[in-house]
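With compact mmCIF, C-alpha atoms inside, this is query-v7.txt:
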# COMPACT_ATOMS: atom_id res chain seq x y z
CA MET A 1 0.00 0.00 0.00
CA PHE A 2 1.31 3.43 -0.89
CA CYS A 3 0.09 7.00 -1.33
CA VAL A 4 0.21 9.02 -4.56
CA ILE A 5 -0.20 12.80 -4.56
CA GLN A 6 -0.70 13.96 -8.12
CA GLU A 7 -0.49 17.61 -9.21
CA ILE A 8 -3.36 18.81 -11.37
CA GLN A 9 -4.18 22.26 -12.72
CA ARG A 10 -7.48 23.97 -11.99
CA LYS A 11 -9.26 25.71 -14.83
CA LYS A 12 -10.24 28.66 -12.65
CA LEU A 13 -8.09 30.80 -10.42
CA ASN A 14 -8.75 30.87 -6.69
CA ALA A 15 -10.65 34.13 -6.21
CA TYR A 16 -10.45 34.32 -2.41
CA GLY A 17 -7.17 36.11 -1.83
CA ALA A 18 -6.75 38.20 1.31
CA HIS A 19 -8.03 41.77 1.31
CA ARG A 20 -5.37 44.34 0.59
CA GLU A 21 -6.46 47.10 2.98
CA LEU A 22 -8.21 47.46 6.31
CA GLU A 23 -9.68 50.88 6.98
CA ALA A 24 -11.63 52.61 9.74
CA TYR A 25 -15.04 53.91 8.78
CA SER A 26 -18.26 55.11 10.41
CA PRO A 27 -21.39 53.68 8.78
CA PHE A 28 -24.10 55.21 10.99
CA GLU A 29 -25.09 57.29 14.00
CA PHE A 30 -27.03 56.12 17.04
CA ASN A 31 -28.62 58.56 19.51
CA GLY A 32 -26.64 61.33 17.88
CA ARG A 33 -23.32 59.57 18.32
CA ARG A 34 -21.26 58.14 15.49
CA LYS A 35 -20.13 54.55 15.86
CA TYR A 36 -16.76 53.64 14.36
CA SER A 37 -16.05 50.31 12.73
CA PHE A 38 -13.81 48.97 9.95
CA GLN A 39 -14.02 47.64 6.44
CA TYR A 40 -11.80 45.86 3.97
CA THR A 41 -10.93 47.83 0.85
CA GLY A 42 -8.49 47.83 -2.04
CA GLY A 43 -9.69 44.56 -3.53
CA ARG A 44 -8.13 41.15 -2.97
CA PHE A 45 -4.71 39.75 -3.72
CA GLU A 46 -4.52 37.79 -6.95
CA ARG A 47 -3.76 34.09 -6.62
CA PRO A 48 -1.93 32.98 -9.75
CA ILE A 49 -1.24 29.38 -8.71
CA ARG A 50 -3.83 26.97 -10.13
CA THR A 51 -2.25 23.82 -8.73
CA ALA A 52 -4.29 21.32 -6.73
CA TYR A 53 -3.27 17.95 -5.32
CA LYS A 54 -5.16 14.72 -5.84
CA ILE A 55 -4.50 12.32 -2.95
CA SER A 56 -5.09 8.61 -3.52
CA ILE A 57 -4.18 5.25 -2.01
CA HIS A 58 -2.85 2.41 -4.17
CA LYS A 59 -2.30 -1.26 -3.44
CA SER A 60 -1.02 -4.07 -5.66
CA THR A 61 -1.56 -7.72 -4.84
CA ARG A 62 -0.36 -10.87 -6.58
CA VAL A 63 -2.57 -13.96 -6.59
CA ASN A 64 -1.41 -17.05 -8.51
CA GLY A 65 0.99 -14.93 -10.48
CA VAL A 66 -1.68 -12.40 -11.42
CA VAL A 67 -1.18 -8.81 -10.23
CA THR A 68 -4.25 -6.81 -9.38
CA LYS A 69 -4.18 -3.12 -8.59
CA ALA A 70 -6.59 -1.16 -6.41
CA GLN A 71 -6.80 2.62 -6.38
CA HIS A 72 -8.89 4.70 -3.96
CA SER A 73 -9.26 8.48 -4.13
CA VAL A 74 -9.16 10.36 -0.81
CA THR A 75 -9.68 13.95 -1.94
CA THR A 76 -8.34 16.80 -4.06
CA VAL A 77 -7.09 19.88 -2.23
CA ASP A 78 -6.23 23.35 -3.54
CA TYR A 79 -2.76 24.88 -3.13
CA TYR A 80 -4.05 27.85 -1.12
CA THR A 81 -6.15 25.64 1.16
CA ILE A 82 -2.92 23.94 2.20
CA ALA A 83 -1.01 27.24 2.30
CA GLU A 84 -3.48 28.81 4.75
CA ARG A 85 -3.63 25.65 6.89
CA TRP A 86 -7.31 25.10 6.22
CA PHE A 87 -6.81 21.50 5.14
CA SER A 88 -7.22 18.72 7.69
CA LEU A 89 -7.00 15.05 6.85
CA GLY A 90 -9.19 14.45 9.88
CA ASP A 91 -12.15 15.76 7.86
CA TYR A 92 -11.93 12.55 5.83
CA ASP A 93 -12.10 10.03 8.67
CA ARG A 94 -15.08 8.24 7.17
CA LYS A 95 -13.53 8.05 3.73
CA ILE A 96 -10.23 6.72 5.08
CA SER A 97 -12.04 4.14 7.23
CA ASP A 98 -13.88 2.90 4.14
CA ILE A 99 -10.62 2.67 2.20
CA ALA A 100 -8.99 0.75 5.05
CA ALA A 101 -11.91 -1.70 5.12
CA ALA A 102 -11.71 -2.20 1.36
CA LEU A 103 -7.98 -2.91 1.61
CA ASN A 104 -8.40 -5.09 4.71
CA THR A 105 -6.10 -2.94 6.81
CA ASP A 106 -6.21 -0.57 9.75
CA PRO A 107 -7.18 3.12 9.20
CA GLY A 108 -4.05 4.12 11.11
CA ALA A 109 -1.92 2.45 8.45
CA VAL A 110 -3.70 4.45 5.75
CA TYR A 111 -3.10 7.70 7.63
CA GLU A 112 0.55 6.81 8.06
CA VAL A 113 1.25 6.37 4.34
CA ILE A 114 -0.66 9.55 3.49
CA TYR A 115 1.15 11.69 6.05
CA ALA A 116 4.50 10.36 4.86
CA LYS A 117 3.81 12.07 1.52
CA LEU A 118 1.62 14.94 2.68
CA ASP A 119 3.73 16.40 5.52
CA PRO A 120 6.72 17.42 3.34
CA LEU A 121 4.37 18.89 0.74
CA GLU A 122 2.49 20.96 3.33
CA LYS A 123 5.71 22.31 4.83
CA LYS A 124 7.00 23.33 1.41
CA ILE A 125 3.79 25.08 0.37
CA GLN A 126 3.31 26.87 3.69
CA ALA A 127 6.91 28.08 3.70
CA GLU A 128 6.40 29.52 0.20
CA TYR A 129 3.16 31.21 1.14
CA GLN A 130 4.60 32.80 4.28
CA GLN A 131 6.99 34.74 2.06
CA SER A 132 4.15 36.19 -0.01
CA GLU A 133 2.85 39.73 0.32
CA GLU A 134 -0.65 38.32 0.77
CA HIS A 135 0.33 36.35 3.88
CA LYS A 136 2.22 39.29 5.38
CA THR A 137 -0.77 41.60 4.85
CA ARG A 138 -3.23 39.08 6.27
CA SER A 139 -1.05 38.59 9.36
CA LYS A 140 -0.84 42.35 9.89
CA HIS A 141 -4.63 42.65 9.72
CA GLU A 142 -5.15 39.74 12.10
CA LYS A 143 -2.80 41.28 14.68
CA LEU A 144 -4.55 44.63 14.38
CA LEU A 145 -8.01 43.05 14.88
CA LYS A 146 -6.79 41.03 17.86
CA LYS A 147 -5.38 44.18 19.47
CA TYR A 148 -8.63 46.03 18.73
CA GLN A 149 -10.74 43.34 20.43
CA SER A 150 -8.38 43.31 23.41
CA LYS A 151 -8.75 47.09 23.81
CA LYS A 152 -12.54 46.81 23.69
CA GLN A 153 -12.58 44.24 26.46
CA ALA A 154 -10.17 46.29 28.59
CA PHE A 155 -12.35 49.38 28.05
CA SER A 156 -15.43 47.44 29.14
CA LYS A 157 -13.73 46.21 32.30
CA ALA A 158 -12.25 49.59 33.16
CA TYR A 159 -15.47 51.61 32.89
CA GLY A 160 -18.21 49.03 33.56
CA VAL A 161 -19.84 49.38 30.13
CA VAL A 162 -20.50 47.00 27.25
CA ALA A 163 -17.51 46.55 24.96
CA ASP A 164 -19.22 48.18 21.97
CA GLU A 165 -19.20 51.53 23.77
CA TYR A 166 -15.52 51.64 22.83
CA ASP A 167 -16.56 52.04 19.18
CA TYR A 168 -18.26 55.35 19.97
CA CYS A 169 -15.03 56.74 21.37
CA TYR A 170 -12.20 55.17 19.33
CA ASN A 171 -11.63 53.77 15.85
CA ILE A 172 -10.00 50.43 15.07
CA PHE A 173 -6.52 51.97 15.21
CA GLY A 174 -7.07 53.21 18.77
CA GLU A 175 -7.38 56.85 17.70
CA ILE A 176 -9.84 58.80 19.85
CA MET A 177 -12.79 60.08 17.82
CA ASN A 178 -15.20 61.42 20.45
CA HIS A 179 -13.60 63.10 23.46
CA GLU A 180 -16.92 64.32 24.86
CA TYR A 181 -18.56 60.90 25.03
CA LEU A 182 -15.43 59.35 26.52
CA ASP A 183 -15.52 61.99 29.26
CA GLU A 184 -19.19 61.12 29.91
CA ILE A 185 -18.34 57.43 30.31
CA ILE A 186 -15.43 58.19 32.64
CA GLU A 187 -17.55 60.51 34.79
CA ALA A 188 -20.45 58.02 34.97
CA ASP A 189 -18.01 55.33 36.06
CA ARG A 190 -16.51 57.63 38.70
CA GLN A 191 -19.95 58.40 40.12
CA ARG A 192 -20.96 54.74 40.13
CA LYS A 193 -17.81 53.72 41.99
CA GLN A 194 -18.26 56.57 44.46
CA ALA A 195 -21.86 55.52 45.13
CA TYR A 196 -20.81 51.91 45.52
CA SER A 197 -18.07 52.87 47.96
CA SER A 198 -20.43 55.09 49.96
CA TYR A 199 -22.95 52.28 50.17
CA HIS A 200 -20.41 49.86 51.64
CA GLU A 201 -19.06 52.45 54.06
CA SER A 202 -22.53 53.25 55.38
CA LYS A 203 -24.23 49.87 55.26
CA GLY A 204 -23.57 49.17 58.95
CA SER A 205 -24.70 52.54 60.31
CA ASN A 206 -27.70 52.92 57.99
CA TYR A 207 -29.26 49.74 59.36
CA SER A 208 -27.99 49.83 62.93
CA GLY A 209 -31.54 49.25 64.18
CA TYR A 210 -31.39 45.78 62.66
CA GLY A 211 -28.06 44.82 64.18
CA SER A 212 -24.91 43.99 62.22
CA LEU A 213 -25.79 42.89 58.66
CA PHE A 214 -23.52 39.88 58.82
CA GLY A 215 -23.31 39.45 62.57
CA ALA A 216 -26.99 38.91 63.35
CA SER A 217 -28.71 35.57 62.86
CA ALA A 218 -31.97 35.43 60.91
CA ASN A 219 -34.11 34.77 63.99
CA ARG A 220 -33.17 38.16 65.47
CA TYR A 221 -35.34 39.95 62.88
CA SER A 222 -39.05 40.46 63.44
CA ASP A 223 -41.61 39.76 60.74
CA ASP A 224 -41.98 43.48 60.08
CA GLU A 225 -38.21 43.88 59.78
CA LYS A 226 -38.02 40.95 57.35
CA ALA A 227 -40.76 42.54 55.26
CA HIS A 228 -38.61 45.69 54.97
CA LEU A 229 -35.52 43.62 54.19
CA LYS A 230 -37.37 41.85 51.38
CA LYS A 231 -38.18 45.25 49.86
CA PHE A 232 -34.53 46.23 50.13
CA TYR A 233 -33.47 42.99 48.44
CA ARG A 234 -35.91 43.37 45.55
CA THR A 235 -34.85 46.95 44.91
CA LEU A 236 -31.13 46.19 45.04
CA SER A 237 -31.37 43.00 42.98
CA LYS A 238 -33.08 44.93 40.18
CA ALA A 239 -30.18 47.37 40.12
CA TYR A 240 -27.25 44.99 40.59
CA HIS A 241 -28.31 41.83 38.73
CA PRO A 242 -25.67 40.96 36.05
CA ASP A 243 -28.39 40.81 33.37
CA VAL A 244 -29.23 44.46 34.05
CA SER A 245 -26.15 46.14 35.48
CA HIS A 246 -23.33 47.27 33.20
CA SER A 247 -20.94 47.18 36.12
CA ALA A 248 -17.80 45.13 35.66
CA ASP A 249 -18.33 44.02 39.31
CA ALA A 250 -21.98 43.05 38.82
CA THR A 251 -21.43 39.36 39.55
CA ALA A 252 -19.55 40.08 42.78
CA GLU A 253 -22.11 42.67 43.83
CA MET A 254 -24.98 40.25 43.27
CA ALA A 255 -23.14 37.55 45.21
CA LEU A 256 -22.78 39.92 48.16
CA LEU A 257 -26.47 40.75 47.99
CA ASN A 258 -27.43 37.07 47.98
CA LYS A 259 -25.18 36.57 51.00
CA LEU A 260 -27.10 39.29 52.79
CA LYS A 261 -30.35 37.59 51.85
CA GLU A 262 -29.19 34.38 53.52
CA VAL A 263 -28.09 36.22 56.65
CA TRP A 264 -31.40 38.07 56.83
CA GLY A 265 -33.33 34.81 56.45
CA ILE A 266 -35.67 36.12 53.76

Please, can you express the file's structure as structure tokens?
Amino acid sequence: MFCVIQEIQRKKLNAYGAHRELEAYSPFEFNGRRKYSFQYTGGRFERPIRTAYKISIHKSTRVNGVVTKAQHSVTTVDYYTIAERWFSLGDYDRKISDIAAALNTDPGAVYEVIYAKLDPLEKKIQAEYQQSEEHKTRSKHEKLLKKYQSKKQAFSKAYGVVADEYDYCYNIFGEIMNHEYLDEIIEADRQRKQAYSSYHESKGSNYSGYGSLFGASANRYSDDEKAHLKKFYRTLSKAYHPDVSHSADATAEMALLNKLKEVWGI
């Protein structure tokens, strides 16, 4: 049993080259604020290589002096599919298992003979492609997008807002586009943190008539007191529940509130 990888030429060029340019743009306004996004421009890189590779398994057997040959096609894969590492032999598990059964052998043996031929070919093609202008441009765009997403998440965590709020303040290159709205977000975050801090500083004194919030057992509260505590819990849970609050600490805040609920026995 052996593997044959035959070069063939496609009639049509591969039309899915990487985009040449990545630009910031602002497609629309929402509530009077412009949201910044990005788009690909400049067309795509041309892909002049038409080569594809037909992978097949062959086996010759001799019975009573007569040689019989069996040939089984696995797949045909495009040059650029290999170059961009989109090709996986694992996608053909079923096909390879059928070939192994037809040849009365183990699927692992079929994989072994294929990889012996395929691995050197993949390394060669990928090394070539990595030197191309298309690959270098694609890599640059991917790094830029990864950095952009990272900045959005950091912005969300820093100011307790959804990540898309970043797009109303900055473009994809990290350039600030709306100073006024950024100042509004920063000020709202400052006020929220100040209110949160004040709440925790005063929580003991504000409810001194009920004893220490965490020190008292549930049976120390009267029915009337528990009725008030239930109102407090409902009001606070509506404000601090993670499904409603934009706070980066919403989960921790809700956990604290639920702890209070247990202590209060409501």

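Take the candidates A:Tyr79, A:Tyr25, A:Phe38, A:Tyr168 and check each one against Gln9 of chain A using only C-alpha atoms; the shortest distance goes to A:Tyr79.
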
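Distance annotation: of A:Ala24, A:Ala116, A:Ile186, A:Ala195, the residue with the minimal separation from Tyr148 of chain A is A:Ala24; atom set is all atoms listed in the file.
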
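Proximity ranking of A:Leu89, A:Val67, A:Ala15, A:Ile8 relative to Thr51 of chain A places A:Ile8 first, based on only C-alpha atoms.
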
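When atom CA of Arg138 of chain A is paired with atom CA of Asp91 of chain A, their separation reads 25.0 Å.
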
Give me the box for segment 131-138 of chain A as lines of an AutoDock Vina configuration file, namely the centre and edge lengths in Å to one decimal of a box along x, y and z that holds every listed atom plus 8 Å on each side.
center_x = 1.9
center_y = 38.2
center_z = 3.1
size_x = 26.2
size_y = 22.9
size_z = 22.3

Between atom CA of Lys230 of chain A and atom CA of Asn258 of chain A, what is the distance in Å, rounded to a tenth?
11.5 Å

Option closest in space to Ser56 of chain A, from A:His241, A:Arg34, A:Lys261, A:Lys117 [counting all atoms listed in the file]:
A:Lys117

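Atom pair atom CA of Met1 of chain A / atom CA of Tyr53 of chain A has a distance of 19.0 Å (rounded to one decimal).
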
Closest atom pairs, segment 110-201 of chain A residues within 12 Å of segment 73-76 of chain A, only C-alpha atoms, as CSV:
residue,atom,partner,partner_atom,distance
A:Val110,CA,A:Val74,CA,10.4
A:Tyr111,CA,A:Val74,CA,10.7
A:Ile114,CA,A:Val74,CA,9.6

Ser150 of chain A environment, 12 Å, all atoms listed in the file, sequence neighbours closer than 6 positions dropped, as a PDB file with C-alpha atoms, in the coordinates of the input:
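As a result, result.pdb now contains:
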ATOM      1  CA  LYS A 143      -2.800  41.280  14.680  1.00  0.00           C
ATOM      2  CA  LEU A 144      -4.550  44.630  14.380  1.00  0.00           C
ATOM      3  CA  SER A 156     -15.430  47.440  29.140  1.00  0.00           C
ATOM      4  CA  LYS A 157     -13.730  46.210  32.300  1.00  0.00           C
ATOM      5  CA  ALA A 163     -17.510  46.550  24.960  1.00  0.00           C
ATOM      6  CA  ASP A 164     -19.220  48.180  21.970  1.00  0.00           C
ATOM      7  CA  TYR A 166     -15.520  51.640  22.830  1.00  0.00           C
ATOM      8  CA  ILE A 172     -10.000  50.430  15.070  1.00  0.00           C
ATOM      9  CA  GLY A 174      -7.070  53.210  18.770  1.00  0.00           C
TER      10      GLY A 174
END

Rank nothing, just name the residue among A:Lys11, A:Asp119, A:Ala248, A:Ile185 nearest to Ala154 of chain A, using only C-alpha atoms.
A:Ala248

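Residue nearest Asn171 of chain A, chosen from A:Ser132, A:Thr137, A:Ser222, A:Gln149 and counting all atoms listed in the file: A:Gln149.
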
Would you pick out the contacts of Pro107 of chain A at 10 Å or less, using all atoms listed in the file, so that residues sharing its chain but fewer than 3 positions from it are not included, and give the list as number ranges by chain?
A: 93-101, 103-104, 110-112
